[in-house]
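Q: Contents of coords_22.tsv (TSV, C-alpha atoms and all ligand atoms) are below:
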chain	number	residue	atom	x	y	z
A	7	MET	CA	0.00	0.00	0.00
A	8	TYR	CA	1.34	3.39	-0.94
A	9	LYS	CA	1.09	6.45	1.30
A	10	ILE	CA	0.07	8.39	-1.81
A	11	PRO	CA	-1.41	6.16	-4.53
A	12	LEU	CA	-1.24	6.96	-8.23
A	13	ILE	CA	-5.01	6.80	-8.51
A	14	LYS	CA	-7.87	5.96	-6.22
A	15	PRO	CA	-11.31	5.34	-7.71
A	16	TYR	CA	-13.90	7.80	-6.46
A	17	LEU	CA	-17.23	6.14	-5.72
A	18	PRO	CA	-19.70	8.87	-4.80
A	19	LYS	CA	-22.46	8.52	-2.24
A	20	GLY	CA	-25.28	6.40	-3.59
A	21	THR	CA	-23.02	3.95	-5.44
A	22	ARG	CA	-23.37	1.10	-2.94
A	23	GLU	CA	-27.14	1.56	-2.77
A	24	LYS	CA	-27.39	1.49	-6.57
A	25	VAL	CA	-25.33	-1.71	-6.79
A	26	LEU	CA	-27.44	-3.35	-4.07
A	27	GLU	CA	-30.61	-2.26	-5.85
A	28	VAL	CA	-29.43	-4.07	-8.98
A	29	LEU	CA	-28.45	-7.18	-7.00
A	30	ASP	CA	-31.85	-7.22	-5.29
A	31	SER	CA	-33.67	-6.74	-8.59
A	32	GLY	CA	-32.28	-10.00	-9.97
A	33	TYR	CA	-31.68	-8.23	-13.33
A	34	LEU	CA	-27.90	-8.57	-13.40
A	35	THR	CA	-27.05	-8.65	-17.10
A	36	GLU	CA	-27.19	-5.64	-19.43
A	37	GLY	CA	-30.47	-3.80	-18.96
A	38	PRO	CA	-32.12	-0.57	-17.86
A	39	VAL	CA	-29.27	0.65	-15.64
A	40	THR	CA	-26.86	0.17	-18.56
A	41	ALA	CA	-29.21	2.21	-20.77
A	42	GLU	CA	-29.50	4.95	-18.13
A	43	PHE	CA	-25.72	5.11	-17.84
A	44	GLU	CA	-25.35	5.31	-21.65
A	45	ASN	CA	-27.88	8.17	-21.74
A	46	ILE	CA	-26.01	10.21	-19.14
A	47	ILE	CA	-22.77	9.85	-21.13
A	48	GLU	CA	-24.55	10.61	-24.42
A	49	ASN	CA	-25.86	13.89	-22.99
A	50	PHE	CA	-22.50	14.76	-21.49
A	51	ILE	CA	-20.52	14.16	-24.69
A	52	GLY	CA	-23.24	15.42	-27.02
A	53	CYS	CA	-22.87	12.61	-29.54
A	54	GLY	CA	-25.53	10.63	-31.39
A	55	HIS	CA	-25.02	7.21	-29.84
A	56	VAL	CA	-23.21	5.62	-26.91
A	57	LEU	CA	-22.80	1.88	-26.48
A	58	ALA	CA	-21.38	0.44	-23.28
A	59	VAL	CA	-19.19	-2.61	-23.89
A	60	THR	CA	-16.90	-4.92	-21.93
A	61	SER	CA	-13.71	-2.86	-22.41
A	62	CYS	CA	-12.06	-0.20	-24.53
A	63	THR	CA	-10.23	-3.01	-26.30
A	64	THR	CA	-13.40	-4.85	-27.36
A	65	GLY	CA	-14.92	-1.47	-28.24
A	66	LEU	CA	-12.04	-0.69	-30.61
A	67	GLU	CA	-12.40	-4.11	-32.21
A	68	LEU	CA	-16.14	-3.52	-32.58
A	69	ALA	CA	-15.42	-0.17	-34.25
A	70	LEU	CA	-13.03	-1.72	-36.77
A	71	ARG	CA	-15.55	-4.44	-37.60
A	72	ALA	CA	-18.38	-1.91	-37.96
A	73	LEU	CA	-16.29	-0.06	-40.56
A	74	GLY	CA	-15.69	-3.31	-42.44
A	75	ILE	CA	-11.96	-3.33	-41.76
A	76	GLY	CA	-10.19	-6.68	-42.04
A	77	PRO	CA	-7.65	-8.66	-44.08
A	78	GLY	CA	-6.07	-6.67	-46.92
A	79	ASN	CA	-6.55	-3.32	-45.17
A	80	GLU	CA	-4.00	-1.23	-43.34
A	81	VAL	CA	-4.69	0.82	-40.24
A	82	ILE	CA	-2.22	3.41	-38.95
A	83	THR	CA	-1.68	4.03	-35.27
A	84	ALA	CA	0.83	5.55	-32.83
A	85	ASP	CA	3.82	3.77	-31.31
A	86	TYR	CA	3.45	5.35	-27.89
A	87	THR	CA	0.32	3.73	-26.50
A	88	TYR	CA	-1.05	0.75	-24.63
A	89	PRO	CA	-0.70	-2.40	-26.81
A	90	ALA	CA	-4.50	-2.80	-27.06
A	91	THR	CA	-4.60	0.02	-29.64
A	92	ALA	CA	-2.60	-2.01	-32.17
A	93	ASP	CA	-3.67	-5.47	-30.99
A	94	VAL	CA	-7.20	-4.89	-32.23
A	95	ILE	CA	-5.96	-4.11	-35.74
A	96	ARG	CA	-4.31	-7.54	-35.89
A	97	ILE	CA	-7.29	-9.20	-34.17
A	98	VAL	CA	-9.57	-8.19	-37.08
A	99	GLY	CA	-6.90	-9.38	-39.54
A	100	ALA	CA	-5.81	-5.99	-40.90
A	101	ASP	CA	-2.16	-4.89	-41.04
A	102	ALA	CA	-1.01	-2.45	-38.36
A	103	VAL	CA	1.19	0.43	-39.51
A	104	ILE	CA	2.91	2.05	-36.55
A	105	VAL	CA	4.31	5.60	-36.66
A	106	ASP	CA	6.12	7.84	-34.20
A	107	VAL	CA	4.60	10.48	-31.93
A	108	SER	CA	5.46	14.15	-31.44
A	109	LYS	CA	7.98	14.71	-28.70
A	110	ASP	CA	6.14	17.51	-26.91
A	111	THR	CA	2.55	16.20	-26.92
A	112	MET	CA	3.18	12.42	-27.19
A	113	LEU	CA	0.31	12.37	-29.71
A	114	ILE	CA	0.63	10.72	-33.12
A	115	ASP	CA	2.99	12.60	-35.48
A	116	TYR	CA	0.46	13.82	-38.07
A	117	ASP	CA	3.13	14.23	-40.78
A	118	ALA	CA	4.51	10.72	-40.21
A	119	MET	CA	0.97	9.41	-40.28
A	120	GLU	CA	0.23	11.10	-43.61
A	121	LYS	CA	3.48	9.75	-45.10
A	122	ALA	CA	2.56	6.20	-44.06
A	123	ILE	CA	-0.76	6.24	-45.98
A	124	THR	CA	-0.94	3.76	-48.90
A	125	PRO	CA	-3.83	2.73	-51.17
A	126	LYS	CA	-4.52	-0.04	-48.63
A	127	THR	CA	-5.01	2.36	-45.71
A	128	LYS	CA	-8.62	2.29	-44.56
A	129	ALA	CA	-8.46	3.95	-41.16
A	130	ILE	CA	-6.30	5.63	-38.57
A	131	ILE	CA	-6.44	5.10	-34.82
A	132	PRO	CA	-4.92	8.18	-33.20
A	133	VAL	CA	-4.74	8.04	-29.40
A	134	SER	CA	-5.67	10.99	-27.19
A	135	ILE	CA	-2.99	9.86	-24.81
A	136	PHE	CA	-3.43	10.64	-21.09
A	137	GLY	CA	-6.40	12.86	-22.00
A	138	ASN	CA	-4.55	15.25	-24.32
A	139	PRO	CA	-7.03	16.03	-27.13
A	140	LEU	CA	-6.23	15.40	-30.78
A	141	ASP	CA	-5.93	18.18	-33.32
A	142	TYR	CA	-9.05	17.56	-35.41
A	143	ASP	CA	-8.25	20.40	-37.80
A	144	ARG	CA	-5.28	18.34	-38.95
A	145	LEU	CA	-7.08	15.02	-38.72
A	146	ASP	CA	-10.10	16.25	-40.66
A	147	ARG	CA	-7.88	17.43	-43.53
A	148	ILE	CA	-6.21	14.02	-43.70
A	149	ARG	CA	-9.57	12.20	-43.40
A	150	GLU	CA	-11.02	14.14	-46.32
A	151	LYS	CA	-7.93	14.11	-48.54
A	152	TYR	CA	-7.47	10.33	-48.35
A	153	ASN	CA	-11.05	9.29	-47.62
A	154	LEU	CA	-10.09	7.52	-44.40
A	155	LYS	CA	-12.04	6.69	-41.28
A	156	ILE	CA	-10.91	7.89	-37.86
A	157	ILE	CA	-11.33	5.65	-34.84
A	158	GLU	CA	-10.13	7.58	-31.80
A	159	ASP	CA	-8.60	5.54	-29.00
A	160	ALA	CA	-10.00	7.86	-26.38
A	161	ALA	CA	-9.37	5.39	-23.53
A	162	CYS	CA	-8.08	8.26	-21.36
A	163	ALA	CA	-9.93	11.20	-22.87
A	164	LEU	CA	-13.42	11.36	-21.39
A	165	GLY	CA	-14.10	15.09	-21.04
A	166	ALA	CA	-11.18	16.24	-23.23
A	167	GLU	CA	-12.10	18.91	-25.77
A	168	TYR	CA	-10.74	20.33	-28.99
A	169	LYS	CA	-11.98	23.81	-29.94
A	170	GLY	CA	-15.07	23.31	-27.78
A	171	ALA	CA	-16.02	19.87	-29.15
A	172	LYS	CA	-15.76	16.97	-26.75
A	173	ALA	CA	-13.76	13.84	-27.53
A	174	GLY	CA	-16.30	11.35	-28.81
A	175	THR	CA	-17.98	13.78	-31.23
A	176	GLN	CA	-15.30	14.28	-33.91
A	177	ALA	CA	-14.03	10.80	-34.80
A	178	ASP	CA	-16.12	8.44	-36.92
A	179	ILE	CA	-16.10	6.18	-33.87
A	180	ALA	CA	-14.39	6.87	-30.53
A	181	VAL	CA	-13.84	4.48	-27.66
A	182	PHE	CA	-13.31	5.21	-23.95
A	183	SER	CA	-12.14	2.92	-21.15
A	184	LEU	CA	-13.77	2.35	-17.76
A	185	HIS	CA	-10.77	0.53	-16.26
A	186	PRO	CA	-10.01	1.58	-12.64
A	187	ARG	CA	-7.05	3.70	-13.72
A	188	LYS	CA	-9.54	5.90	-15.51
A	189	PHE	CA	-11.26	8.58	-13.47
A	190	LEU	CA	-14.71	7.25	-14.31
A	191	THR	CA	-14.66	3.53	-13.69
A	192	ALA	CA	-16.93	0.53	-13.52
A	193	GLY	CA	-14.10	-1.88	-12.62
A	194	GLU	CA	-13.87	-2.86	-16.29
A	195	GLY	CA	-15.73	-1.64	-19.34
A	196	GLY	CA	-15.71	0.64	-22.35
A	197	LEU	CA	-17.89	3.22	-24.10
A	198	VAL	CA	-18.21	3.48	-27.86
A	199	THR	CA	-19.51	6.71	-29.38
A	200	THR	CA	-20.57	7.59	-32.91
A	201	ASN	CA	-22.93	9.94	-34.72
A	202	ASN	CA	-23.69	7.33	-37.38
A	203	CYS	CA	-27.00	5.46	-36.84
A	204	GLU	CA	-26.11	2.54	-39.10
A	205	TRP	CA	-22.80	1.82	-37.40
A	206	ALA	CA	-24.43	2.18	-33.98
A	207	ALA	CA	-27.15	-0.31	-34.90
A	208	TRP	CA	-24.61	-2.74	-36.37
A	209	MET	CA	-22.38	-2.53	-33.28
A	210	ASN	CA	-25.37	-2.96	-30.98
A	211	SER	CA	-26.41	-6.07	-32.85
A	212	TYR	CA	-22.88	-7.47	-32.98
A	213	LYS	CA	-22.37	-7.05	-29.22
A	214	HIS	CA	-25.70	-8.89	-28.66
A	215	PHE	CA	-24.84	-12.10	-30.59
A	216	GLY	CA	-26.09	-10.60	-33.87
A	217	MET	CA	-29.67	-10.12	-32.70
A	218	GLY	CA	-32.08	-8.09	-34.82
A	219	SER	CA	-33.59	-5.99	-32.07
A	220	ALA	CA	-30.58	-5.97	-29.88
A	221	THR	CA	-31.70	-6.80	-26.38
A	222	THR	CA	-31.66	-10.25	-24.85
A	223	ARG	CA	-35.20	-9.75	-23.56
A	224	GLU	CA	-36.78	-9.01	-26.94
A	225	ASN	CA	-34.93	-11.14	-29.43
A	226	THR	CA	-36.39	-10.84	-32.90
A	227	GLY	CA	-34.00	-13.35	-34.44
A	228	PHE	CA	-30.31	-13.52	-35.22
A	229	GLN	CA	-29.49	-11.42	-38.28
A	230	MET	CA	-25.74	-11.97	-38.41
A	231	ILE	CA	-22.84	-13.59	-36.62
A	232	GLY	CA	-22.13	-11.71	-33.43
A	233	THR	CA	-20.57	-11.93	-30.02
A	234	ASN	CA	-21.17	-10.93	-26.43
A	235	TYR	CA	-19.70	-7.58	-25.41
A	236	LYS	CA	-22.60	-6.62	-23.14
A	237	PHE	CA	-22.11	-4.32	-20.18
A	238	SER	CA	-24.02	-5.56	-17.16
A	239	ASN	CA	-26.44	-3.60	-14.97
A	240	ILE	CA	-24.05	-4.29	-12.06
A	241	LEU	CA	-21.12	-2.54	-13.75
A	242	ALA	CA	-23.38	0.32	-14.83
A	243	ALA	CA	-24.49	0.71	-11.20
A	244	VAL	CA	-20.85	1.05	-10.12
A	245	ALA	CA	-20.27	3.87	-12.62
A	246	ILE	CA	-23.60	5.70	-12.76
A	247	GLU	CA	-23.19	8.05	-9.79
A	248	GLN	CA	-19.74	9.04	-11.09
A	249	ALA	CA	-21.33	9.73	-14.48
A	250	ARG	CA	-23.94	11.98	-12.87
A	251	GLN	CA	-21.11	14.01	-11.30
A	252	ILE	CA	-18.80	13.99	-14.29
A	253	ASP	CA	-18.53	17.77	-14.63
A	254	LEU	CA	-17.52	18.01	-10.98
A	255	LEU	CA	-14.99	15.17	-11.36
A	256	LEU	CA	-13.42	16.88	-14.35
A	257	GLU	CA	-13.29	20.26	-12.67
A	258	ARG	CA	-11.52	18.69	-9.69
A	259	ARG	CA	-8.94	16.98	-11.95
A	260	ARG	CA	-8.25	20.21	-13.76
A	261	THR	CA	-7.78	22.04	-10.44
A	262	LEU	CA	-5.35	19.36	-9.23
A	263	ALA	CA	-3.51	19.46	-12.56
A	264	SER	CA	-3.21	23.22	-12.43
A	265	ASN	CA	-1.73	22.97	-8.89
A	266	TYR	CA	0.94	20.66	-10.30
A	267	ILE	CA	1.55	22.98	-13.25
A	268	ASP	CA	2.04	25.91	-10.85
A	269	MET	CA	4.43	23.91	-8.66
A	270	LEU	CA	6.42	22.17	-11.42
A	271	GLY	CA	6.37	24.64	-14.30
A	272	GLY	CA	9.79	26.13	-14.95
A	273	LYS	CA	11.56	23.89	-12.42
A	274	SER	CA	14.94	22.76	-13.62
A	275	GLY	CA	15.02	19.10	-14.64
A	276	VAL	CA	11.26	18.91	-15.23
A	277	THR	CA	9.58	19.33	-18.61
A	278	LEU	CA	5.81	19.45	-18.85
A	279	PRO	CA	4.28	17.90	-21.99
A	280	SER	CA	2.41	20.32	-24.24
A	281	VAL	CA	-1.35	20.40	-24.46
A	282	THR	CA	-2.72	20.47	-28.01
A	283	GLU	CA	-3.26	24.06	-29.10
A	284	GLY	CA	-6.97	24.84	-28.90
A	285	GLY	CA	-7.50	21.82	-26.67
A	286	LEU	CA	-8.65	21.18	-23.13
A	287	HIS	CA	-6.86	18.27	-21.42
A	288	SER	CA	-8.90	15.90	-19.25
A	289	TYR	CA	-5.83	15.06	-17.11
A	290	GLN	CA	-6.69	11.41	-16.86
A	291	THR	CA	-2.97	11.06	-16.16
A	292	PHE	CA	-0.65	13.85	-15.07
A	293	SER	CA	2.74	13.19	-16.63
A	294	ILE	CA	6.10	14.91	-16.75
A	295	PHE	CA	9.40	14.30	-18.53
A	296	ILE	CA	12.54	13.89	-16.42
A	297	GLU	CA	16.03	12.51	-16.91
A	298	GLU	CA	16.92	9.35	-14.95
A	299	ARG	CA	13.24	8.50	-14.75
A	300	ASP	CA	13.82	4.93	-13.53
A	301	ARG	CA	16.00	5.99	-10.60
A	302	VAL	CA	13.49	8.63	-9.54
A	303	MET	CA	10.58	6.22	-9.98
A	304	LYS	CA	12.24	3.61	-7.77
A	305	SER	CA	13.06	6.09	-5.01
A	306	MET	CA	9.60	7.64	-5.00
A	307	ARG	CA	7.99	4.24	-4.71
A	308	GLU	CA	10.31	3.37	-1.81
A	309	MET	CA	9.08	6.55	-0.13
A	310	GLY	CA	5.47	5.38	-0.46
A	311	ILE	CA	4.58	7.57	-3.43
A	312	GLU	CA	3.16	5.53	-6.28
A	313	VAL	CA	4.48	6.71	-9.63
A	314	GLN	CA	4.44	4.89	-12.94
A	315	ILE	CA	5.86	4.99	-16.43
A	316	GLY	CA	3.60	6.79	-18.92
A	317	THR	CA	2.90	3.95	-21.31
A	318	TYR	CA	4.66	1.64	-23.78
A	319	SER	CA	6.64	1.93	-27.00
A	320	LEU	CA	5.08	-0.75	-29.17
A	321	HIS	CA	7.99	-1.22	-31.59
A	322	MET	CA	10.14	-2.52	-28.69
A	323	HIS	CA	7.85	-5.52	-28.16
A	324	LYS	CA	7.96	-8.89	-29.89
A	325	ALA	CA	4.21	-8.76	-30.47
A	326	PHE	CA	4.77	-5.90	-32.93
A	327	GLN	CA	7.90	-7.27	-34.59
A	328	GLN	CA	5.92	-9.79	-36.62
A	329	PRO	CA	4.44	-10.08	-40.10
A	330	GLY	CA	1.28	-8.02	-40.28
A	331	VAL	CA	2.92	-5.04	-38.58
A	332	ARG	CA	4.81	-2.34	-40.46
A	333	LEU	CA	7.07	-0.24	-38.26
A	334	ALA	CA	7.18	3.05	-40.18
A	335	GLY	CA	9.76	5.22	-38.45
A	336	ASN	CA	12.71	5.28	-36.10
A	337	PHE	CA	10.52	6.02	-33.06
A	338	GLU	CA	12.96	8.42	-31.48
A	339	ASN	CA	10.20	10.40	-29.78
A	340	SER	CA	8.20	7.41	-28.64
A	341	ARG	CA	11.33	5.93	-27.12
A	342	TYR	CA	12.09	9.22	-25.42
A	343	ALA	CA	8.61	9.22	-23.88
A	344	PHE	CA	8.95	5.58	-22.90
A	345	GLU	CA	12.21	6.29	-21.09
A	346	HIS	CA	11.49	9.72	-19.60
A	347	CYS	CA	7.78	10.08	-19.00
A	348	LEU	CA	6.64	9.71	-15.40
A	349	ALA	CA	3.00	9.60	-14.29
A	350	ILE	CA	2.51	11.12	-10.84
A	351	PRO	CA	-0.42	10.72	-8.40
A	352	LEU	CA	-3.69	12.42	-9.22
A	353	PHE	CA	-7.04	11.33	-7.80
A	354	HIS	CA	-10.30	13.02	-6.88
A	355	GLU	CA	-9.77	13.12	-3.13
A	356	MET	CA	-6.12	14.13	-3.30
A	357	GLU	CA	-5.26	17.03	-1.03
A	358	LEU	CA	-3.00	19.97	-1.79
A	359	GLU	CA	-0.64	18.84	0.99
A	360	GLN	CA	-0.25	15.47	-0.74
A	361	GLN	CA	0.52	17.22	-4.02
A	362	LYS	CA	3.11	19.34	-2.24
A	363	THR	CA	4.70	16.18	-0.80
A	364	VAL	CA	4.89	14.60	-4.27
A	365	VAL	CA	6.51	17.71	-5.73
A	366	ARG	CA	8.91	18.22	-2.81
A	367	GLU	CA	10.18	14.62	-2.91
A	368	LEU	CA	10.40	14.66	-6.69
A	369	LEU	CA	12.42	17.88	-6.81
A	370	LYS	CA	14.75	16.60	-4.08
A	371	LEU	CA	15.54	13.56	-6.20
A	372	LEU	CA	16.29	15.51	-9.37
B	1	LIG	C1	-4.54	4.23	-24.75
B	1	LIG	C2	-5.24	2.99	-24.28
B	1	LIG	N1	-5.94	2.24	-25.16
B	1	LIG	C3	-6.59	1.13	-24.77
B	1	LIG	C4	-6.56	0.68	-23.46
B	1	LIG	C5	-7.27	-0.56	-23.08
B	1	LIG	O1	-8.42	-0.26	-22.30
B	1	LIG	P1	-9.24	-1.41	-21.60
B	1	LIG	O2	-8.46	-1.90	-20.43
B	1	LIG	O3	-10.54	-0.77	-21.17
B	1	LIG	O4	-9.48	-2.48	-22.61
B	1	LIG	C6	-5.84	1.42	-22.53
B	1	LIG	C7	-5.78	0.97	-21.14
B	1	LIG	O5	-5.19	1.54	-20.26
B	1	LIG	C8	-5.17	2.60	-22.93
B	1	LIG	O6	-4.47	3.36	-22.06
For this file, write the structure as structure tokens.
Ligand SMILES: Cc1ncc(COP(=O)(O)O)c(C=O)c1O

A:
Amino acid sequence: MYKIPLIKPYLPKGTREKVLEVLDSGYLTEGPVTAEFENIIENFIGCGHVLAVTSCTTGLELALRALGIGPGNEVITADYTYPATADVIRIVGADAVIVDVSKDTMLIDYDAMEKAITPKTKAIIPVSIFGNPLDYDRLDRIREKYNLKIIEDAACALGAEYKGAKAGTQADIAVFSLHPRKFLTAGEGGLVTTNNCEWAAWMNSYKHFGMGSATTRENTGFQMIGTNYKFSNILAAVAIEQARQIDLLLERRRTLASNYIDMLGGKSGVTLPSVTEGGLHSYQTFSIFIEERDRVMKSMREMGIEVQIGTYSLHMHKAFQQPGVRLAGNFENSRYAFEHCLAIPLFHEMELEQQKTVVRELLKLL
């Protein structure tokens, strides 16, 4: 147990009661609480459709399948991300093309991405890493010029905005994670958003075994091959009170992040990543760049402060050194992020004193 954890899920008042209500109802699978949860998120994001699924990973796979992406197609994504982002491309049988990120934002390098496009490219999966929003002015130009689809891996970006539009409204399909490291969590789960009715209906059917009218209680026949990516009433009950308070949760994160920015900005040995111009970060993860990251990480953990690497550099892993993956770049920036990025504690109930302790110990070690 750490004195100051990296993250601590915030379960507002009413959560236990809601979970017990579901348990007592006997309706444990996907049902009305799931639908209520989806509605709250739909209103918050302002998108056409929200589908709750078992994880961000299965949601990304669902998105690729909905867009008809499979063998013979290429999908471009970023090197600096959680492996799930590229795994799903291979899972549907398409080829993954991996490009570097920008050093300052850790977001996909838009120029490298454009250079990697071939006649086989069907889609791109940019990642709004740590909650830093993507530049949709740039992405829209590329989408139109090459007639590509954008699936945003928005695992960390619930509440992030670009020029006033929330993540989940600009991509063809976007997918969020509800894993406990995310600030809105159900334990496990994902949320898929789109403004396209046909894709939403297809994904809803596919996640319900291919049913026509996609609910297990009113099955009107199986129209296609499908699977089970349903999100149970129990999980929805865990997340629903958080969803009702999402504006408050976001405001708190942004306050905590701005405390860190005030305390760490301009300090020698610390570089703060850039936020996309015109964007509003959701600060799912607060990260910094430092030299000797591993030494600092080890010492902070020994002191009871839980810190973590940012994320992974895919090209360094055997899984992505195989046929079916094209490594398009030298990944200098991704590697830099992999070696120097440090995620520091940030959670809803964190106090200013705890933030000061994190900063004091960190600066002492630099
Ligand atoms: C960028 C990114 N994509 C995808 C995932 C996978 O999400 P999930 O665990 O909900 O499948 C994660 C998980 O942390 C992530 O950070």

Q: Ligand LIG 1 (chain B): which residues are within 8 Å, counting all atoms listed in the file? Reply as a PDB file with C-alpha atoms, keeping the file's coordinate frame.

A:
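Just written: result.pdb:
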ATOM      1  CA  THR A  60     -16.900  -4.920 -21.930  1.00  0.00           C
ATOM      2  CA  SER A  61     -13.710  -2.860 -22.410  1.00  0.00           C
ATOM      3  CA  CYS A  62     -12.060  -0.200 -24.530  1.00  0.00           C
ATOM      4  CA  THR A  63     -10.230  -3.010 -26.300  1.00  0.00           C
ATOM      5  CA  THR A  64     -13.400  -4.850 -27.360  1.00  0.00           C
ATOM      6  CA  GLY A  65     -14.920  -1.470 -28.240  1.00  0.00           C
ATOM      7  CA  THR A  87       0.320   3.730 -26.500  1.00  0.00           C
ATOM      8  CA  TYR A  88      -1.050   0.750 -24.630  1.00  0.00           C
ATOM      9  CA  PRO A  89      -0.700  -2.400 -26.810  1.00  0.00           C
ATOM     10  CA  ALA A  90      -4.500  -2.800 -27.060  1.00  0.00           C
ATOM     11  CA  THR A  91      -4.600   0.020 -29.640  1.00  0.00           C
ATOM     12  CA  VAL A 133      -4.740   8.040 -29.400  1.00  0.00           C
ATOM     13  CA  SER A 134      -5.670  10.990 -27.190  1.00  0.00           C
ATOM     14  CA  ILE A 135      -2.990   9.860 -24.810  1.00  0.00           C
ATOM     15  CA  PHE A 136      -3.430  10.640 -21.090  1.00  0.00           C
ATOM     16  CA  ASP A 159      -8.600   5.540 -29.000  1.00  0.00           C
ATOM     17  CA  ALA A 160     -10.000   7.860 -26.380  1.00  0.00           C
ATOM     18  CA  ALA A 161      -9.370   5.390 -23.530  1.00  0.00           C
ATOM     19  CA  CYS A 162      -8.080   8.260 -21.360  1.00  0.00           C
ATOM     20  CA  PHE A 182     -13.310   5.210 -23.950  1.00  0.00           C
ATOM     21  CA  SER A 183     -12.140   2.920 -21.150  1.00  0.00           C
ATOM     22  CA  LEU A 184     -13.770   2.350 -17.760  1.00  0.00           C
ATOM     23  CA  HIS A 185     -10.770   0.530 -16.260  1.00  0.00           C
ATOM     24  CA  ARG A 187      -7.050   3.700 -13.720  1.00  0.00           C
ATOM     25  CA  LYS A 188      -9.540   5.900 -15.510  1.00  0.00           C
ATOM     26  CA  GLU A 194     -13.870  -2.860 -16.290  1.00  0.00           C
ATOM     27  CA  GLY A 195     -15.730  -1.640 -19.340  1.00  0.00           C
ATOM     28  CA  GLY A 196     -15.710   0.640 -22.350  1.00  0.00           C
ATOM     29  CA  THR A 317       2.900   3.950 -21.310  1.00  0.00           C
TER      30      THR A 317
END

Q: How close does stretch 187-302 of chain A get to stretch 324-342 of chain A? List, as a Markdown table, each residue of stretch 187-302 of chain A within 12 Å, its nearest atom pair and the distance in Å to one decimal, counting only C-alpha atoms.

A:
| residue | atom | partner | partner_atom | distance |
| --- | --- | --- | --- | --- |
| A:Ile294 | CA | A:Tyr342 | CA | 12.0 |
| A:Phe295 | CA | A:Tyr342 | CA | 9.0 |
| A:Ile296 | CA | A:Tyr342 | CA | 10.1 |
| A:Glu297 | CA | A:Tyr342 | CA | 9.9 |
| A:Glu298 | CA | A:Tyr342 | CA | 11.5 |
| A:Arg299 | CA | A:Tyr342 | CA | 10.8 |

Q: What is the atom CA of A:Ile51 to atom CA of A:Phe189 distance in Å?

A: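 So the answer is 15.6 Å.
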
Q: Compare A:Ala41, A:Ala58, A:Ile311, A:Met306 by their minimum atom-to-atom distance to A:Leu372, counting all atoms listed in the file, and give me the closest one.

A: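 Counting all atoms listed in the file, the residue closest to A:Leu372 is A:Met306.
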
Q: I'd like the neighbourhood of A:Tyr152 as a JSON list (two decimals) with C-alpha atoms, keeping the file's coordinate frame, where a residue qualifies if any of its atoms comes within 10 Å (using only C-alpha atoms), though same-chain residues fewer than 2 positions away should be ignored.

A:
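For reference, result_15.json as written:
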[["chain", "number", "residue", "atom", "x", "y", "z"],
["A", 120, "GLU", "CA", 0.23, 11.10, -43.61],
["A", 123, "ILE", "CA", -0.76, 6.24, -45.98],
["A", 124, "THR", "CA", -0.94, 3.76, -48.90],
["A", 125, "PRO", "CA", -3.83, 2.73, -51.17],
["A", 127, "THR", "CA", -5.01, 2.36, -45.71],
["A", 128, "LYS", "CA", -8.62, 2.29, -44.56],
["A", 129, "ALA", "CA", -8.46, 3.95, -41.16],
["A", 147, "ARG", "CA", -7.88, 17.43, -43.53],
["A", 148, "ILE", "CA", -6.21, 14.02, -43.70],
["A", 149, "ARG", "CA", -9.57, 12.20, -43.40],
["A", 150, "GLU", "CA", -11.02, 14.14, -46.32],
["A", 154, "LEU", "CA", -10.09, 7.52, -44.40],
["A", 155, "LYS", "CA", -12.04, 6.69, -41.28]]

Q: Using all atoms listed in the file, which residue out of A:Leu34, A:Val25, A:Ala72, A:Ile267 lies closest to A:Ser238?

A: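 So, comparing all the options, the nearest one is A:Leu34.
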
Q: Rounded to one decimal, what separation in Å do you get between atom CA of A:Ile97 and atom CA of A:Glu67?

A: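 Answer for the atom CA of A:Ile97 to atom CA of A:Glu67 separation: 7.5 Å.
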
Q: Have a look at A:Leu12, A:Leu29, A:Leu164, A:Leu190 and name the one nearest to A:Ala249; count only C-alpha atoms.

A: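 Counting only C-alpha atoms, the residue closest to A:Ala249 is A:Leu190.
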
Q: Between atom CA of A:Tyr33 and atom CA of A:Leu241, what is the distance in Å, rounded to a tenth?

A: 12.0 Å

Q: Which is closer to A:Gly232 than all the others in A:Leu68, A:Pro11, A:Asp253, A:His346, using only C-alpha atoms?

A: A:Leu68

Q: Applying 7 Å and only C-alpha atoms, which residues near stretch 215-217 of chain A remain after dropping the ones on its own chain fewer than 4 positions away? List them as a VMD selection string.

A: chain A and resid 211 225 to 234
